[in-house]
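**Q** So here's final14.txt, just compact mmCIF, C-alpha atoms:
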# COMPACT_ATOMS: atom_id res chain seq x y z
CA MET B 15 2.11 52.31 -1.11
CA PHE B 16 1.02 49.13 0.64
CA ASP B 17 3.50 47.04 -1.35
CA LYS B 18 6.36 49.21 -0.11
CA PHE B 19 5.09 48.96 3.48
CA GLU B 20 4.77 45.18 3.19
CA ALA B 21 8.28 44.93 1.75
CA PHE B 22 9.65 47.04 4.62
CA MET B 23 7.95 44.85 7.25
CA ASN B 24 9.09 41.63 5.58
CA ARG B 25 12.66 42.89 5.40
CA TYR B 26 13.09 44.35 8.87
CA PHE B 27 10.24 43.44 11.21
CA THR B 28 9.40 39.85 10.28
CA PRO B 29 12.95 38.53 10.89
CA VAL B 30 12.89 40.09 14.36
CA ALA B 31 9.51 38.52 15.16
CA ASP B 32 10.69 35.16 13.80
CA TRP B 33 13.76 35.41 15.99
CA MET B 34 11.56 36.13 19.02
CA ASP B 35 9.41 33.12 18.21
CA ARG B 36 12.39 30.80 17.75
CA ASN B 37 14.60 32.19 20.50
CA ILE B 38 14.97 29.40 23.04
CA TYR B 39 14.89 31.77 26.02
CA LEU B 40 11.70 33.58 25.02
CA SER B 41 10.18 30.27 23.96
CA ALA B 42 10.96 28.73 27.37
CA VAL B 43 9.41 31.71 29.18
CA LYS B 44 6.29 31.53 26.99
CA LYS B 45 5.90 27.79 27.61
CA ALA B 46 6.37 28.33 31.34
CA MET B 47 3.60 30.93 31.47
CA VAL B 48 1.29 28.64 29.50
CA ALA B 49 2.08 25.86 31.96
CA MET B 50 0.94 28.14 34.80
CA THR B 51 -2.61 28.41 33.40
CA PRO B 52 -3.97 25.55 35.59
CA LEU B 53 -2.51 27.26 38.67
CA LEU B 54 -4.29 30.49 37.77
CA ILE B 55 -7.62 28.76 37.21
CA ILE B 56 -7.42 26.60 40.34
CA GLY B 57 -6.14 29.49 42.47
CA SER B 58 -8.99 31.68 41.26
CA PHE B 59 -11.55 28.94 41.93
CA ALA B 60 -10.24 28.65 45.51
CA LEU B 61 -11.05 32.31 46.11
CA ILE B 62 -14.71 32.06 45.10
CA PRO B 63 -16.03 30.39 48.31
CA SER B 64 -14.63 33.19 50.47
CA ALA B 65 -17.02 35.62 48.75
CA ILE B 66 -20.12 33.52 49.45
CA PRO B 67 -20.62 34.64 53.11
CA ASN B 68 -20.76 38.26 51.93
CA MET B 69 -23.39 37.32 49.35
CA ILE B 70 -25.74 35.18 51.45
CA GLY B 71 -24.90 36.40 54.95
CA LYS B 72 -22.75 34.85 57.66
CA ASN B 73 -25.47 33.46 59.93
CA ASN B 74 -26.13 30.21 58.09
CA ILE B 75 -24.61 26.73 57.93
CA ILE B 76 -22.94 27.18 54.53
CA SER B 77 -21.23 30.46 55.43
CA GLN B 78 -20.13 29.17 58.83
CA TRP B 79 -18.62 26.07 57.21
CA ILE B 80 -16.74 28.22 54.68
CA ILE B 81 -15.43 30.54 57.41
CA HIS B 82 -14.35 27.60 59.58
CA TYR B 83 -12.47 25.86 56.74
CA GLY B 84 -11.33 29.06 55.00
CA ASP B 85 -7.64 28.31 55.45
CA VAL B 86 -8.06 24.84 53.96
CA ILE B 87 -10.14 26.07 51.02
CA THR B 88 -7.48 28.62 50.04
CA ILE B 89 -4.62 26.08 50.16
CA PRO B 90 -4.70 25.54 46.34
CA SER B 91 -4.17 29.28 45.90
CA THR B 92 -1.46 29.39 48.57
CA VAL B 93 0.61 26.51 47.19
CA GLY B 94 -0.26 27.34 43.58
CA MET B 95 -0.39 30.99 42.62
CA SER B 96 1.51 32.12 45.72
CA MET B 97 4.40 29.79 44.77
CA MET B 98 4.27 30.42 41.03
CA ALA B 99 7.80 31.80 40.64
CA LEU B 100 9.17 28.57 42.09
CA TYR B 101 7.31 26.49 39.50
CA VAL B 102 8.26 28.86 36.67
CA SER B 103 11.95 28.44 37.46
CA ALA B 104 11.62 24.66 37.16
CA VAL B 105 9.61 24.77 33.90
CA ILE B 106 11.98 27.25 32.24
CA ALA B 107 14.97 25.13 33.22
CA TYR B 108 13.25 22.04 31.83
CA HIS B 109 12.64 23.56 28.40
CA LEU B 110 16.07 25.18 28.20
CA ALA B 111 17.78 21.93 29.19
CA GLU B 112 15.89 20.08 26.46
CA SER B 113 16.78 22.74 23.87
CA LYS B 114 20.46 22.68 24.83
CA HIS B 115 20.57 18.88 25.27
CA LEU B 116 21.69 19.13 28.88
CA ASP B 117 20.86 16.96 31.88
CA VAL B 118 17.25 17.92 32.65
CA PRO B 119 17.08 16.95 36.37
CA GLY B 120 20.41 18.65 37.04
CA CYS B 121 19.34 21.89 35.32
CA ILE B 122 16.01 21.94 37.17
CA SER B 123 17.61 21.45 40.57
CA MET B 124 20.21 24.16 39.90
CA ALA B 125 17.61 26.60 38.57
CA VAL B 126 15.28 26.16 41.56
CA MET B 127 18.13 26.45 44.05
CA SER B 128 19.51 29.52 42.29
CA PHE B 129 16.10 31.21 42.40
CA LEU B 130 15.77 30.46 46.12
CA ILE B 131 19.21 31.94 46.81
CA LEU B 132 18.13 35.16 45.11
CA ALA B 133 14.57 35.37 46.41
CA VAL B 134 14.46 33.85 49.89
CA ASP B 135 14.07 36.18 52.84
CA PHE B 136 13.52 35.67 56.53
CA THR B 137 11.17 37.13 59.09
CA LYS B 138 12.36 38.54 62.44
CA ALA B 139 11.43 35.22 64.02
CA GLY B 140 13.74 33.40 61.59
CA ALA B 141 10.99 31.83 59.48
CA VAL B 142 11.18 31.76 55.70
CA ASP B 143 9.39 34.70 54.05
CA VAL B 144 7.69 33.54 50.85
CA THR B 145 6.84 37.03 49.57
CA TYR B 146 8.91 36.60 46.41
CA PHE B 147 7.92 33.01 45.74
CA GLY B 148 4.77 34.24 44.01
CA THR B 149 4.20 36.62 41.15
CA LYS B 150 6.44 39.30 42.67
CA GLY B 151 9.39 37.02 42.03
CA LEU B 152 8.50 36.05 38.45
CA PHE B 153 11.12 38.19 36.74
CA VAL B 154 13.96 37.19 39.06
CA SER B 155 12.80 33.58 38.62
CA MET B 156 13.16 33.88 34.84
CA PHE B 157 16.56 35.54 35.15
CA GLY B 158 17.84 33.01 37.70
CA SER B 159 16.69 29.99 35.71
CA ILE B 160 18.22 31.16 32.45
CA LEU B 161 21.52 32.09 34.13
CA ALA B 162 21.68 28.80 36.06
CA VAL B 163 21.20 26.73 32.89
CA GLU B 164 23.80 28.86 31.09
CA ILE B 165 26.32 28.21 33.89
CA PHE B 166 25.43 24.51 33.78
CA GLY B 167 26.05 24.36 30.04
CA TRP B 168 29.27 26.37 30.35
CA CYS B 169 30.63 23.93 32.97
CA LYS B 170 29.68 20.89 30.89
CA LYS B 171 31.27 22.34 27.76
CA ARG B 172 34.58 22.87 29.61
CA ASN B 173 34.39 19.50 31.36
CA PHE B 174 34.23 20.96 34.87
CA THR B 175 32.97 17.62 36.11
CA ILE B 176 34.26 14.58 37.97
CA LYS B 177 34.53 11.61 35.62
CA MET B 178 33.97 8.22 37.19
CA PRO B 179 35.05 4.85 35.76
CA ASP B 180 32.61 3.09 33.44
CA SER B 181 32.11 0.39 36.04
CA VAL B 182 30.40 2.89 38.35
CA PRO B 183 26.58 2.87 38.04
CA ASP B 184 25.17 5.70 35.95
CA PHE B 185 23.16 7.32 38.76
CA VAL B 186 26.26 7.42 40.99
CA SER B 187 28.40 8.81 38.17
CA LYS B 188 25.91 11.61 37.46
CA SER B 189 25.87 12.58 41.12
CA PHE B 190 29.64 13.04 41.15
CA GLU B 191 29.52 14.94 37.84
CA MET B 192 27.13 17.45 39.42
CA ILE B 193 29.42 18.32 42.36
CA PRO B 194 31.70 20.88 40.59
CA ILE B 195 28.75 22.30 38.61
CA SER B 196 26.73 22.71 41.80
CA ILE B 197 29.57 24.44 43.61
CA ILE B 198 30.19 26.89 40.75
CA THR B 199 26.49 27.65 40.27
CA VAL B 200 25.71 28.13 43.94
CA ALA B 201 28.83 30.26 44.45
CA ALA B 202 27.88 32.52 41.53
CA PHE B 203 24.40 33.17 42.90
CA VAL B 204 25.56 33.62 46.49
CA ILE B 205 28.03 36.27 45.28
CA LEU B 206 25.24 37.93 43.28
CA ARG B 207 23.00 38.01 46.35
CA VAL B 208 25.77 39.42 48.56
CA ILE B 209 26.43 42.21 46.04
CA CYS B 210 22.74 43.11 45.94
CA VAL B 211 22.20 43.02 49.71
CA ASP B 212 25.49 44.51 50.97
CA PHE B 213 26.27 47.02 48.24
CA LEU B 214 22.87 47.84 46.71
CA HIS B 215 21.02 47.32 50.01
CA THR B 216 18.12 45.43 48.50
CA LEU B 217 17.12 41.91 47.55
CA PRO B 218 17.48 40.89 43.87
CA PRO B 219 13.69 40.72 43.26
CA MET B 220 13.34 44.36 44.29
CA ILE B 221 16.00 45.39 41.75
CA PHE B 222 13.99 43.79 38.97
CA THR B 223 10.83 45.40 40.32
CA ASN B 224 12.41 48.86 40.31
CA ILE B 225 13.91 48.44 36.83
CA LEU B 226 10.70 47.12 35.30
CA ALA B 227 8.34 49.39 37.26
CA PRO B 228 7.70 51.79 34.34
CA LEU B 229 6.90 48.90 31.98
CA VAL B 230 4.72 47.08 34.50
CA GLY B 231 2.88 50.22 35.57
CA SER B 232 2.17 51.33 32.01
CA MET B 233 0.36 48.08 31.23
CA ASP B 234 -2.43 49.12 33.60
CA ASN B 235 -3.13 52.20 31.49
CA PRO B 236 -5.98 51.85 28.95
CA PHE B 237 -4.02 53.83 26.34
CA ALA B 238 -1.03 51.49 26.68
CA TYR B 239 -3.37 48.49 26.61
CA THR B 240 -4.94 49.72 23.36
CA PHE B 241 -1.45 50.08 21.90
CA VAL B 242 -0.62 46.48 22.87
CA LYS B 243 -3.79 45.33 21.11
CA PHE B 244 -2.77 47.35 18.05
CA LEU B 245 0.64 45.68 18.06
CA GLN B 246 -0.93 42.22 18.36
CA ALA B 247 -3.26 42.89 15.42
CA LEU B 248 -0.38 44.28 13.36
CA LEU B 249 1.66 41.15 14.01
CA PHE B 250 -1.22 38.89 13.02
CA PHE B 251 -1.85 40.94 9.87
CA PHE B 252 1.60 39.96 8.68
CA GLY B 253 1.06 36.31 9.63
CA ILE B 254 2.99 36.42 12.92
CA HIS B 255 1.08 35.04 15.89
CA PRO B 256 0.82 37.66 18.68
CA ALA B 257 1.79 34.97 21.21
CA VAL B 258 5.37 36.14 20.61
CA LEU B 259 4.54 39.00 22.99
CA SER B 260 3.33 36.71 25.79
CA PRO B 261 6.77 36.40 27.50
CA ILE B 262 6.48 40.13 28.17
CA THR B 263 2.76 40.55 28.86
CA SER B 264 1.88 37.31 30.68
CA PRO B 265 4.11 37.81 33.76
CA ILE B 266 2.72 41.33 34.19
CA SER B 267 -0.94 40.31 33.91
CA THR B 268 -0.35 37.36 36.24
CA GLN B 269 1.28 39.62 38.82
CA PHE B 270 -1.68 42.01 38.63
CA LEU B 271 -4.12 39.12 39.12
CA ALA B 272 -2.28 38.01 42.26
CA GLU B 273 -2.37 41.56 43.64
CA ASN B 274 -6.11 41.78 42.96
CA ILE B 275 -6.64 38.49 44.79
CA ALA B 276 -4.58 39.71 47.74
CA ASN B 277 -6.66 42.90 47.88
CA ALA B 278 -9.88 40.89 47.70
CA LYS B 279 -8.76 38.72 50.62
CA ALA B 280 -7.90 41.84 52.62
CA GLY B 281 -11.21 43.50 51.78
CA LEU B 282 -9.52 46.26 49.76
CA ALA B 283 -10.46 47.71 46.40
CA LEU B 284 -9.15 45.96 43.28
CA THR B 285 -6.62 48.08 41.40
CA HIS B 286 -5.67 46.27 38.16
CA PHE B 287 -7.73 45.65 35.01
CA PHE B 288 -4.91 44.04 33.00
CA THR B 289 -5.34 40.44 34.17
CA PRO B 290 -5.54 37.18 32.17
CA GLY B 291 -9.30 36.66 32.46
CA PRO B 292 -10.52 40.02 31.10
CA ASP B 293 -7.71 40.10 28.54
CA SER B 294 -9.10 36.90 27.08
CA ALA B 295 -12.80 37.71 27.55
CA PHE B 296 -12.70 41.30 26.26
CA GLY B 297 -9.28 41.92 24.71
CA ASN B 298 -9.53 38.80 22.54
CA PHE B 299 -13.31 38.70 22.22
CA THR B 300 -14.03 36.34 19.27
CA GLY B 301 -10.27 36.42 18.57
CA THR B 302 -7.54 39.01 18.04
CA GLY B 303 -8.98 42.19 16.54
CA VAL B 304 -12.61 41.22 17.37
CA THR B 305 -13.33 39.79 13.91
CA PHE B 306 -16.89 38.66 14.67
CA GLY B 307 -18.26 41.29 12.28
CA LEU B 308 -16.31 39.76 9.41
CA VAL B 309 -17.63 36.29 10.26
CA PHE B 310 -21.18 37.66 10.54
CA TRP B 311 -21.23 39.38 7.14
CA PHE B 312 -19.47 36.49 5.43
CA MET B 313 -22.23 34.16 6.64
CA PHE B 314 -24.75 36.23 4.66
CA SER B 315 -22.50 36.94 1.70
CA LYS B 316 -23.82 36.39 -1.84
CA ALA B 317 -20.43 34.92 -2.74
CA ALA B 318 -20.49 31.15 -2.21
CA ALA B 319 -16.88 30.90 -1.00
CA GLN B 320 -17.29 33.68 1.56
CA LYS B 321 -20.54 32.22 2.88
CA LYS B 322 -18.86 28.85 3.39
CA ILE B 323 -15.88 30.41 5.18
CA GLY B 324 -18.20 32.44 7.43
CA ARG B 325 -20.19 29.39 8.49
CA ILE B 326 -17.05 27.36 9.17
CA ALA B 327 -15.50 30.19 11.23
CA LEU B 328 -18.59 30.91 13.39
CA ILE B 329 -18.18 28.27 16.11
CA PRO B 330 -14.42 28.83 16.57
CA ALA B 331 -15.05 32.60 16.78
CA LEU B 332 -17.55 32.08 19.60
CA PHE B 333 -14.70 30.47 21.57
CA GLY B 334 -12.15 33.17 20.79
CA ILE B 335 -10.44 31.39 17.88
CA ASN B 336 -10.30 33.40 14.68
CA GLU B 337 -7.51 31.75 12.69
CA PRO B 338 -10.08 30.18 10.29
CA ILE B 339 -11.37 33.61 9.25
CA LEU B 340 -7.95 35.31 9.38
CA PHE B 341 -6.44 32.86 6.91
CA GLY B 342 -9.65 31.88 5.14
CA ALA B 343 -11.03 35.33 4.23
CA PRO B 344 -8.08 36.13 4.20
CA VAL B 345 -7.36 39.00 6.56
CA VAL B 346 -3.62 38.30 6.67
CA LEU B 347 -1.77 40.50 4.14
CA ASN B 348 -5.06 41.73 2.70
CA PRO B 349 -4.88 45.55 2.36
CA LEU B 350 -8.68 45.77 2.10
CA PHE B 351 -9.02 44.59 5.72
CA PHE B 352 -6.10 46.54 7.23
CA ILE B 353 -8.24 49.37 8.65
CA PRO B 354 -10.99 47.30 10.36
CA PHE B 355 -8.54 44.73 11.72
CA VAL B 356 -5.40 46.69 12.66
CA ILE B 357 -6.81 50.18 13.33
CA LEU B 358 -10.41 49.71 14.51
CA GLY B 359 -10.05 46.19 15.92
CA PRO B 360 -7.76 47.21 18.81
CA ILE B 361 -10.21 49.95 19.80
CA THR B 362 -12.98 47.36 20.02
CA SER B 363 -10.65 45.05 21.97
CA SER B 364 -10.07 47.72 24.60
CA PHE B 365 -13.74 48.30 25.50
CA GLY B 366 -13.40 46.13 28.61
CA ALA B 367 -10.19 47.83 29.72
CA TRP B 368 -11.77 51.27 29.44
CA ALA B 369 -14.93 50.13 31.22
CA MET B 370 -12.94 48.73 34.15
CA SER B 371 -10.55 51.69 34.38
CA LEU B 372 -13.53 54.10 34.46
CA GLY B 373 -15.29 52.06 37.13
CA TRP B 374 -18.16 50.90 34.92
CA LEU B 375 -17.15 47.25 35.23
CA LYS B 376 -15.70 45.24 38.12
CA MET B 377 -12.07 44.20 37.94
CA SER B 378 -11.10 40.56 38.02
CA VAL B 379 -9.91 38.04 40.60
CA PHE B 380 -10.72 34.99 38.47
CA THR B 381 -9.28 33.44 35.32
CA PRO B 382 -11.95 31.22 33.77
CA PRO B 383 -11.23 28.53 31.20
CA TYR B 384 -12.29 29.09 27.58
CA VAL B 385 -16.05 28.73 27.94
CA GLY B 386 -17.20 30.89 25.05
CA VAL B 387 -18.22 34.51 24.54
CA PHE B 388 -20.39 36.33 27.12
CA LEU B 389 -20.03 33.56 29.73
CA GLU B 390 -16.26 33.99 29.90
CA GLY B 391 -16.61 37.73 30.46
CA TYR B 392 -19.14 37.21 33.25
CA LEU B 393 -16.99 34.58 35.00
CA ALA B 394 -13.93 36.82 34.73
CA THR B 395 -15.64 39.74 36.51
CA PHE B 396 -18.81 38.32 38.11
CA ASP B 397 -20.48 41.48 36.87
CA TRP B 398 -23.64 41.37 34.72
CA ARG B 399 -22.45 44.51 32.94
CA SER B 400 -19.82 42.36 31.21
CA LEU B 401 -22.67 41.17 28.98
CA LEU B 402 -23.27 44.77 27.91
CA VAL B 403 -19.59 45.30 27.15
CA ASN B 404 -19.38 42.12 25.08
CA GLY B 405 -22.63 43.05 23.35
CA ALA B 406 -21.26 46.49 22.50
CA GLN B 407 -18.10 44.87 21.13
CA MET B 408 -20.12 42.52 18.96
CA LEU B 409 -22.37 45.29 17.64
CA PHE B 410 -19.47 47.67 16.96
CA SER B 411 -17.57 44.91 15.17
CA ILE B 412 -20.57 44.21 12.92
CA LEU B 413 -20.88 47.90 12.08
CA ILE B 414 -17.23 48.60 11.29
CA TRP B 415 -16.78 45.48 9.15
CA TYR B 416 -19.89 46.08 6.99
CA PRO B 417 -18.46 48.40 4.27
CA PHE B 418 -15.26 46.40 3.95
CA CYS B 419 -17.13 43.10 3.70
CA LYS B 420 -19.36 44.55 0.99
CA MET B 421 -16.31 45.60 -1.01
CA ALA B 422 -14.81 42.14 -0.55
CA GLU B 423 -18.12 40.59 -1.61
CA ARG B 424 -18.22 42.59 -4.85
CA ASN B 425 -14.65 41.60 -5.65
CA GLU B 426 -15.37 37.94 -4.95
CA LEU B 427 -18.55 37.96 -7.09
CA LYS B 428 -16.54 39.36 -9.98
CA LYS B 429 -13.98 36.60 -9.57
CA GLU B 430 -16.71 33.95 -9.42
CA LYS B 431 -18.24 35.30 -12.62
CA GLU B 432 -14.86 35.27 -14.34
CA ARG B 433 -14.19 31.72 -13.20
CA SER B 434 -17.58 30.53 -14.44
CA GLN B 435 -16.97 32.12 -17.83
CA ASN B 436 -13.53 30.58 -18.12
CA LYS B 437 -15.02 27.14 -17.56
CA LYS B 438 -17.03 27.40 -20.78
CA ALA B 439 -15.50 25.78 -23.82
CA ILE B 440 -16.49 28.76 -26.01
CA SER B 441 -17.28 32.35 -25.17
CA ASP B 442 -20.80 33.80 -25.06
CA GLU B 443 -20.13 35.68 -28.32
CA ASP B 444 -19.08 32.55 -30.19
CA GLU B 445 -22.06 30.64 -28.82
CA ALA B 446 -24.43 33.37 -30.06
CA LEU B 447 -22.77 33.32 -33.50
CA ILE B 448 -23.29 29.54 -33.81
CA ASP B 449 -26.93 29.93 -32.85
CA ASP B 450 -27.37 32.55 -35.62
CA LEU B 451 -25.93 30.17 -38.21
CA ASP B 452 -28.72 27.69 -37.41
CA LEU B 453 -26.53 24.74 -38.34
CA ASP B 454 -28.40 21.44 -38.54
CA PHE B 455 -26.11 18.46 -37.91
Could you render the structure as structure tokens?
**A**
Amino acid sequence: MFDKFEAFMNRYFTPVADWMDRNIYLSAVKKAMVAMTPLLIIGSFALIPSAIPNMIGKNNIISQWIIHYGDVITIPSTVGMSMMALYVSAVIAYHLAESKHLDVPGCISMAVMSFLILAVDFTKAGAVDVTYFGTKGLFVSMFGSILAVEIFGWCKKRNFTIKMPDSVPDFVSKSFEMIPISIITVAAFVILRVICVDFLHTLPPMIFTNILAPLVGSMDNPFAYTFVKFLQALLFFFGIHPAVLSPITSPISTQFLAENIANAKAGLALTHFFTPGPDSAFGNFTGTGVTFGLVFWFMFSKAAAQKKIGRIALIPALFGINEPILFGAPVVLNPLFFIPFVILGPITSSFGAWAMSLGWLKMSVFTPPYVGVFLEGYLATFDWRSLLVNGAQMLFSILIWYPFCKMAERNELKKEKERSQNKKAISDEDEALIDDLDLDF
């Protein structure tokens, strides 16, 4: 039964996942979201001081200083997270230009300009409205960057450029080469904006928001979140890293984080649990599928190989890295571990999501760096109950992995016994027969 299932996945599903991993567009989006991690961390750090006056009172020197310089303190968040779509467009263009062997500076400039044409809006006073420069413009940023680089490559392939003599300096020649490409690219995006505004009566970012609203909204549902965790575990079970899903999930979680931060600044209730910090601290507690229980029981295994693997995997697991145990146990393609990893693991991963959606745990406005289990969960929520959630995850993981680890231990002990017997030059029966002969040489 399992062999047929494995054959089916290898034939149909694995090629699709491999394509997703190697696809230059999805790869560029994934790299861009990874590159935004410092902006998330710094932007979240900048929000922490604004909460201090509410904690210690406003009638003291520290609180008064924070209130006075509040606008300055939040600048890293304003120019970082609030401008994220702008940075994403540049990073995507950079990686696509490298993959397609195009002029990197030219692609970046065209991608950024194209995004601004689609996303820029103006206030009644004529000032630039930066509403869609942040996470609300992420999807149109991705679309604009990819399309701009495609137009750039199309123009280069058909030689829609101005060729200068070889005697002209290279930097001057490149500038003239960019003129036709710039005109074509800008014209294409201006036409696209005019169609959206005059005929569809909305800005391009709002079209993407409306189209993707069902997908984005569903990610803030604990049932949908549990399903995503199941899909991640299933991918890893077949040796495919779940990071292939990050181009879809990361923009959504980042957008939710920005909305939580905006609500916190306005003194409103936080509304989203699916944000990067809790997803790492609870959803990937000790690694995808919460495999701490496997590490724990392997550390006390009677089988020498399992004990060694468990001890090696302990420290990485405490920092959310479980590749050593996944490939060392192994969990990958091991039918014995399918149920605890793929079926029960996602349930354990969703403890934090359920706790936040039910109001038992605070939602997040902070994305901490990888600082290890328990501490990461506390920093993500600033709620002492995060320790209880992580503790429940650890205990549940130990319980559900116990019977499966014991079965694996028995199998490994049998193999060790067989290996030790095979190392002998003669079998136990032959050795006993020689002893009975009482030969004296």
**Q** Hey, which of B:Val142, B:Val134, B:Met127, B:Ile329 ends up closest to Gly158 of chain B? Count all atoms listed in the file.
**A**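 Closest candidate: B:Met127.
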**Q** Neighbouring residues of Ala367 of chain B were defined as those with any atom within 7 Å, considering all atoms listed in the file; residues of the same chain fewer than 4 positions away were excluded. Please report them as a list in words.
**A**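 Near Ala367 of chain B, the qualifying residues are Pro236, Phe287 and Ser371 of chain B.
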**Q** Quick one: of B:Leu249, B:Ala46, B:Ala272, B:Met370, who's nearest to Asp234 of chain B, counting all atoms listed in the file?
**A**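 Comparing B:Leu249, B:Ala46, B:Ala272, B:Met370 against Asp234 of chain B, the winner is B:Met370.
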**Q** If I take atom CA of Ile193 of chain B and atom CA of Val118 of chain B, how far is one from the other in Å, to one decimal?
**A**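 Separation between atom CA of Ile193 of chain B and atom CA of Val118 of chain B: 15.6 Å.
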**Q** Between atom CA of Glu337 of chain B and atom CA of Phe299 of chain B, what is the distance, to one decimal in Å?
**A**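 Computing the Euclidean distance for atom CA of Glu337 of chain B and atom CA of Phe299 of chain B yields 13.1 Å.
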**Q** Which of these, B:Ser123, B:Thr302, B:Asn336, B:Thr88, has the shortest distance to Leu61 of chain B once you count all atoms listed in the file?
**A**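 Using all atoms listed in the file, Leu61 of chain B sits closest to B:Thr88.
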**Q** Quick check, in Å to one decimal: how far apart do atom CA of Lys376 of chain B and atom CA of Ile56 of chain B lie?
**A**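 Those two atoms sit 20.5 Å apart.
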**Q** Write out as a PyMOL selection string each polymer residue whose atoms come within 12 Å of Ala125 of chain B, counting all atoms listed in the file; drop sequence neighbours fewer than 3 positions from it.
**A** chain B and resi 99-111+118-122+128-132+154-166+195-196+199-200+203
**Q** For Val204 of chain B, which residue among B:Gly342, B:Gly151, B:Gly307, B:Pro218 is the nearest when counting all atoms listed in the file?
**A** B:Pro218
**Q** Neighbours of Thr362 of chain B within 8 Å (all atoms listed in the file; same-chain residues fewer than 4 positions away dropped), as a PyMOL selection string?
**A** chain B and resi 303-304+358+407+410-411
**Q** Given all atoms listed in the file as the basis, pick out the residue of B:Thr216, B:Ser315, B:Thr92, B:Ser364 nearest to Met421 of chain B.
**A**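 Of B:Thr216, B:Ser315, B:Thr92, B:Ser364, the one nearest Met421 of chain B, counting all atoms listed in the file, is B:Ser315.
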**Q** For Ile414 of chain B, list every protein, DNA or RNA residue within 12 Å, evaluated using all atoms listed in the file, and leave out those in the same chain fewer than 2 positions away; present the list as a list in words.
**A**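 Surrounding residues, per the criterion: Gly303, Val304, Thr305, Phe306, Gly307, Leu308, Phe310, Trp311, Phe351, Ile353, Pro354, Phe355, Ile357, Leu358, Gly359, Ile361, Thr362, Gln407, Met408, Leu409, Phe410, Ser411, Ile412, Tyr416, Pro417, Phe418, Cys419 and Lys420 of chain B.
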**Q** Would you list the residues near (-2.7, 45.6, 20.7) (no more than 9 Å away, in the coordinates of the file, using all atoms listed in the file) as an mmCIF file with C-alpha atoms, keeping the file's coordinate frame?
**A**
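The file below, result-v5.cif, is the result:
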data_model
loop_
_atom_site.group_PDB
_atom_site.id
_atom_site.type_symbol
_atom_site.label_atom_id
_atom_site.label_comp_id
_atom_site.auth_asym_id
_atom_site.auth_seq_id
_atom_site.Cartn_x
_atom_site.Cartn_y
_atom_site.Cartn_z
ATOM 1 C CA ALA B 238 -1.030 51.490 26.680
ATOM 2 C CA TYR B 239 -3.370 48.490 26.610
ATOM 3 C CA THR B 240 -4.940 49.720 23.360
ATOM 4 C CA PHE B 241 -1.450 50.080 21.900
ATOM 5 C CA VAL B 242 -0.620 46.480 22.870
ATOM 6 C CA LYS B 243 -3.790 45.330 21.110
ATOM 7 C CA PHE B 244 -2.770 47.350 18.050
ATOM 8 C CA LEU B 245 0.640 45.680 18.060
ATOM 9 C CA GLN B 246 -0.930 42.220 18.360
ATOM 10 C CA ALA B 247 -3.260 42.890 15.420
ATOM 11 C CA LEU B 248 -0.380 44.280 13.360
ATOM 12 C CA PRO B 256 0.820 37.660 18.680
ATOM 13 C CA GLY B 297 -9.280 41.920 24.710
ATOM 14 C CA THR B 302 -7.540 39.010 18.040
ATOM 15 C CA GLY B 303 -8.980 42.190 16.540
ATOM 16 C CA VAL B 356 -5.400 46.690 12.660
ATOM 17 C CA GLY B 359 -10.050 46.190 15.920
ATOM 18 C CA PRO B 360 -7.760 47.210 18.810
ATOM 19 C CA ILE B 361 -10.210 49.950 19.800
ATOM 20 C CA SER B 363 -10.650 45.050 21.970
ATOM 21 C CA SER B 364 -10.070 47.720 24.600
#
**Q** Between B:Pro265, B:Thr137, B:Met47, B:Cys210, which one has atoms that come closest to Leu152 of chain B, using all atoms listed in the file?
**A**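 Comparing B:Pro265, B:Thr137, B:Met47, B:Cys210 against Leu152 of chain B, the winner is B:Pro265.
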